[in-house]
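This report concerns only the one structure given below.
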Amino acid sequence: MKICSLHYNMELPALTSKRDIDQVIRGTAGKVVVLRFGKSDDATCMMLDDVLLRCVRPLQRMACVYAVDVDAVPVYTRYFDITLHPATIFFFDGRHIKCDYGTHDHTKFIGAFREKQDFIDLVEVVYRGASRGKVVVTCPIDPSKIPKYDLLYNDF
């Protein structure tokens with residue numbers, strides 16, 4: 001598998017196994033790894049994929065973007081507690097980079113980015129922060145553009 005290759009086709013490169021995901025996370029140095037967890041036939045995922053695809057070329061020097069089907073890699077789906085789709089998670093040099101979106105969950109962005117520039121701005125902030133050793137960055141997206149949701153805990 002070629003890590004972080006630029007794809008010009010009409011879909012994001014897919015990671016279909018835990019091994020593929022581990023290899024990309026550990027093997028990509030100096031770039032943000034963006035994993036979009038979801039289902040390719042989900043309307044919101046398709047909307048997000050369209051935004052992500054339009055960002056691949058402008059971000060090619062600082063990020064690699066991949067799609068992960070939540071059913072194909074249940075170990076990561078459980079580990080990151082992905083119950084709402086799509087969920088976008090960021091890594092840099094093998095580290096999970098968290099982001100304060102103004103929500104309760106800093107581990108992932110839930111929902112679709114409304115505009116291409118919102119995603120580009122977020123990746124740039126993640127890249128700059130992670131390059132300086134930060135593991136938590138502050139989201140630059142206007143809070144009115146961030147989807148709101150309630151966390152539900154079972155057995156509480």
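In the structure tokens, chains take the letters A, B, ... in the order shown, each chain's residues start at 1, and ligands count up from 1 in the order shown.
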
Residue contacts of range 42-45 of chain A (12 Å, only C-alpha atoms) excluding same-chain residues fewer than 2 positions away, as a PyMOL selection string: chain A and resi 11-12+36-40+47-53+67-70+84-88+110-114+147

Kindly save the residues from that selection, with N, CA and C atoms included, as an mmCIF file, in the first residue's frame.
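Everything below was put into selection01.cif:
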```
data_model
loop_
_atom_site.group_PDB
_atom_site.id
_atom_site.type_symbol
_atom_site.label_atom_id
_atom_site.label_comp_id
_atom_site.auth_asym_id
_atom_site.auth_seq_id
_atom_site.Cartn_x
_atom_site.Cartn_y
_atom_site.Cartn_z
ATOM 1 N N GLU A 11 -13.029 9.497 -5.418
ATOM 2 C CA GLU A 11 -13.291 9.047 -4.058
ATOM 3 C C GLU A 11 -12.011 9.041 -3.244
ATOM 4 N N LEU A 12 -12.204 9.152 -1.937
ATOM 5 C CA LEU A 12 -11.061 9.140 -1.035
ATOM 6 C C LEU A 12 -10.460 7.742 -0.997
ATOM 7 N N ARG A 36 -11.659 9.752 7.965
ATOM 8 C CA ARG A 36 -13.099 9.987 7.971
ATOM 9 C C ARG A 36 -13.777 8.639 8.213
ATOM 10 N N PHE A 37 -14.336 8.455 9.406
ATOM 11 C CA PHE A 37 -15.067 7.238 9.727
ATOM 12 C C PHE A 37 -16.530 7.441 9.359
ATOM 13 N N GLY A 38 -17.101 6.473 8.676
ATOM 14 C CA GLY A 38 -18.507 6.562 8.296
ATOM 15 C C GLY A 38 -18.872 5.446 7.351
ATOM 16 N N LYS A 39 -19.936 5.661 6.597
ATOM 17 C CA LYS A 39 -20.399 4.695 5.601
ATOM 18 C C LYS A 39 -20.510 5.409 4.269
ATOM 19 N N SER A 40 -19.948 4.800 3.234
ATOM 20 C CA SER A 40 -19.880 5.471 1.934
ATOM 21 C C SER A 40 -21.248 5.731 1.315
ATOM 22 N N MET A 47 -21.636 13.942 1.517
ATOM 23 C CA MET A 47 -21.462 15.386 1.528
ATOM 24 C C MET A 47 -20.073 15.750 2.077
ATOM 25 N N LEU A 48 -19.681 15.092 3.166
ATOM 26 C CA LEU A 48 -18.361 15.334 3.738
ATOM 27 C C LEU A 48 -17.262 14.902 2.774
ATOM 28 N N ASP A 49 -17.416 13.746 2.160
ATOM 29 C CA ASP A 49 -16.408 13.263 1.211
ATOM 30 C C ASP A 49 -16.205 14.257 0.069
ATOM 31 N N ASP A 50 -17.278 14.883 -0.383
ATOM 32 C CA ASP A 50 -17.167 15.886 -1.442
ATOM 33 C C ASP A 50 -16.295 17.051 -0.983
ATOM 34 N N VAL A 51 -16.514 17.518 0.243
ATOM 35 C CA VAL A 51 -15.703 18.610 0.798
ATOM 36 C C VAL A 51 -14.248 18.151 0.938
ATOM 37 N N LEU A 52 -14.041 16.957 1.485
ATOM 38 C CA LEU A 52 -12.677 16.457 1.697
ATOM 39 C C LEU A 52 -11.934 16.291 0.375
ATOM 40 N N LEU A 53 -12.621 15.778 -0.640
ATOM 41 C CA LEU A 53 -11.982 15.593 -1.948
ATOM 42 C C LEU A 53 -11.527 16.923 -2.543
ATOM 43 N N ALA A 67 -10.665 7.487 3.902
ATOM 44 C CA ALA A 67 -12.006 7.078 4.330
ATOM 45 C C ALA A 67 -11.894 5.714 5.008
ATOM 46 N N VAL A 68 -12.631 5.563 6.098
ATOM 47 C CA VAL A 68 -12.668 4.291 6.825
ATOM 48 C C VAL A 68 -14.127 3.926 7.042
ATOM 49 N N ASP A 69 -14.516 2.736 6.595
ATOM 50 C CA ASP A 69 -15.881 2.266 6.822
ATOM 51 C C ASP A 69 -15.980 1.750 8.252
ATOM 52 N N VAL A 70 -16.964 2.251 8.988
ATOM 53 C CA VAL A 70 -17.082 1.888 10.402
ATOM 54 C C VAL A 70 -17.323 0.391 10.597
ATOM 55 N N LEU A 84 -21.905 8.184 16.021
ATOM 56 C CA LEU A 84 -22.521 9.105 15.069
ATOM 57 C C LEU A 84 -21.609 9.212 13.850
ATOM 58 N N HIS A 85 -22.221 9.245 12.662
ATOM 59 C CA HIS A 85 -21.443 9.292 11.416
ATOM 60 C C HIS A 85 -21.764 10.573 10.661
ATOM 61 N N PRO A 86 -20.805 11.091 9.966
ATOM 62 C CA PRO A 86 -19.389 10.750 9.934
ATOM 63 C C PRO A 86 -18.637 11.344 11.129
ATOM 64 N N ALA A 87 -17.484 10.760 11.396
ATOM 65 C CA ALA A 87 -16.593 11.250 12.443
ATOM 66 C C ALA A 87 -15.206 11.409 11.817
ATOM 67 N N THR A 88 -14.595 12.555 12.031
ATOM 68 C CA THR A 88 -13.283 12.844 11.450
ATOM 69 C C THR A 88 -12.261 12.949 12.580
ATOM 70 N N ILE A 110 -17.697 15.502 14.693
ATOM 71 C CA ILE A 110 -18.894 14.753 14.292
ATOM 72 C C ILE A 110 -19.655 15.575 13.263
ATOM 73 N N GLY A 111 -20.014 14.945 12.149
ATOM 74 C CA GLY A 111 -20.793 15.612 11.117
ATOM 75 C C GLY A 111 -19.921 16.038 9.949
ATOM 76 N N ALA A 112 -20.541 16.788 9.032
ATOM 77 C CA ALA A 112 -19.844 17.233 7.825
ATOM 78 C C ALA A 112 -19.412 18.692 7.968
ATOM 79 N N PHE A 113 -18.285 19.009 7.373
ATOM 80 C CA PHE A 113 -17.858 20.399 7.288
ATOM 81 C C PHE A 113 -18.728 21.065 6.239
ATOM 82 N N ARG A 114 -19.215 22.245 6.535
ATOM 83 C CA ARG A 114 -20.124 22.924 5.607
ATOM 84 C C ARG A 114 -19.401 23.525 4.415
ATOM 85 N N PRO A 147 -21.691 21.159 14.125
ATOM 86 C CA PRO A 147 -22.913 20.440 14.516
ATOM 87 C C PRO A 147 -22.960 20.201 16.024
#
```

CA of Asp20 in chain A to CA of Arg95 in chain A, straight-line distance in Å: 16.1 Å

Exercise: Lys98 in chain A partners within 12 Å, only C-alpha atoms, chain neighbours under 6 positions left out, as a PyMOL selection string: chain A and resi 34+80+88-92+104-109+122-123+125-127+129-130+134-139

Keeping N, CA and C atoms for every residue in the selection just given, could you write it to a file as a short mmCIF file (atom, residue, chain, number, x, y, z; two decimals), in the first residue's frame?
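Dumped everything to selection12.cif:
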```cif
data_model
loop_
_atom_site.label_atom_id
_atom_site.label_comp_id
_atom_site.auth_asym_id
_atom_site.auth_seq_id
_atom_site.Cartn_x
_atom_site.Cartn_y
_atom_site.Cartn_z
N VAL A 34 -5.76 12.38 8.25
CA VAL A 34 -7.18 12.63 8.50
C VAL A 34 -7.93 11.35 8.16
N PHE A 80 -12.62 4.59 19.45
CA PHE A 80 -12.92 6.02 19.38
C PHE A 80 -14.38 6.33 19.66
N THR A 88 -14.59 12.56 12.03
CA THR A 88 -13.28 12.84 11.45
C THR A 88 -12.26 12.95 12.58
N ILE A 89 -11.18 12.18 12.44
CA ILE A 89 -10.15 12.10 13.48
C ILE A 89 -8.80 12.47 12.87
N PHE A 90 -7.97 13.17 13.65
CA PHE A 90 -6.69 13.67 13.16
C PHE A 90 -5.53 13.03 13.92
N PHE A 91 -4.45 12.74 13.17
CA PHE A 91 -3.21 12.21 13.74
C PHE A 91 -2.04 12.98 13.15
N PHE A 92 -0.94 13.03 13.91
CA PHE A 92 0.29 13.66 13.42
C PHE A 92 1.46 12.91 14.02
N HIS A 104 -18.54 18.51 23.83
CA HIS A 104 -18.05 17.67 24.92
C HIS A 104 -16.95 16.70 24.48
N ASP A 105 -16.89 16.42 23.19
CA ASP A 105 -15.95 15.43 22.69
C ASP A 105 -14.84 16.13 21.89
N HIS A 106 -13.60 16.04 22.39
CA HIS A 106 -12.47 16.67 21.72
C HIS A 106 -11.71 15.67 20.85
N THR A 107 -12.13 14.41 20.83
CA THR A 107 -11.38 13.38 20.12
C THR A 107 -11.72 13.32 18.65
N LYS A 108 -12.89 13.83 18.24
CA LYS A 108 -13.31 13.71 16.85
C LYS A 108 -14.31 14.80 16.49
N PHE A 109 -14.35 15.12 15.19
CA PHE A 109 -15.34 16.07 14.68
C PHE A 109 -16.52 15.24 14.17
N LEU A 122 -9.03 24.12 9.68
CA LEU A 122 -8.85 23.19 10.79
C LEU A 122 -7.58 22.36 10.60
N VAL A 123 -7.34 21.86 9.41
CA VAL A 123 -6.13 21.06 9.15
C VAL A 123 -4.88 21.93 9.36
N VAL A 125 -4.54 24.45 11.42
CA VAL A 125 -4.37 24.62 12.87
C VAL A 125 -3.82 23.34 13.50
N VAL A 126 -4.35 22.19 13.09
CA VAL A 126 -3.86 20.91 13.60
C VAL A 126 -2.39 20.74 13.22
N TYR A 127 -2.06 21.03 11.98
CA TYR A 127 -0.68 20.89 11.50
C TYR A 127 0.28 21.79 12.28
N GLY A 129 -0.18 23.28 15.23
CA GLY A 129 -0.14 22.91 16.65
C GLY A 129 0.64 21.63 16.88
N ALA A 130 0.36 20.61 16.08
CA ALA A 130 1.03 19.33 16.25
C ALA A 130 2.53 19.45 15.94
N LYS A 134 1.95 20.22 20.38
CA LYS A 134 0.65 20.24 21.06
C LYS A 134 -0.13 18.97 20.73
N VAL A 135 -0.91 18.50 21.71
CA VAL A 135 -1.79 17.36 21.46
C VAL A 135 -3.25 17.77 21.47
N VAL A 136 -3.53 19.01 21.88
CA VAL A 136 -4.88 19.58 21.83
C VAL A 136 -4.78 20.96 21.21
N VAL A 137 -5.60 21.21 20.19
CA VAL A 137 -5.63 22.52 19.54
C VAL A 137 -7.05 23.08 19.63
N THR A 138 -7.18 24.36 19.37
CA THR A 138 -8.49 25.01 19.40
C THR A 138 -9.02 25.14 17.98
N CYS A 139 -10.23 24.72 17.78
CA CYS A 139 -10.85 24.73 16.46
C CYS A 139 -11.08 26.16 15.98
#
```

Long-range neighbours of Pro140 in chain A as a list in words, 12 Å cut-off, only C-alpha atoms, 6 positions minimum in chain: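 Surrounding residues, per the criterion: Cys99, Asp100, Tyr101, Gly102, Gln117, Asp118, Phe119, Ile120, Asp121, Leu122, Val123, Glu124, Val125, Val126 and Ile146 of chain A.
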
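Among the candidates A:Pro13, A:Gly94, A:Thr28, A:Arg128, the residue lying nearest to Val56 in chain A is A:Pro13 (atoms considered: only C-alpha atoms).
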
Distance of CA of Ala29 in chain A from CA of Thr77 in chain A, expressed in Å to one decimal place: 23.7 Å
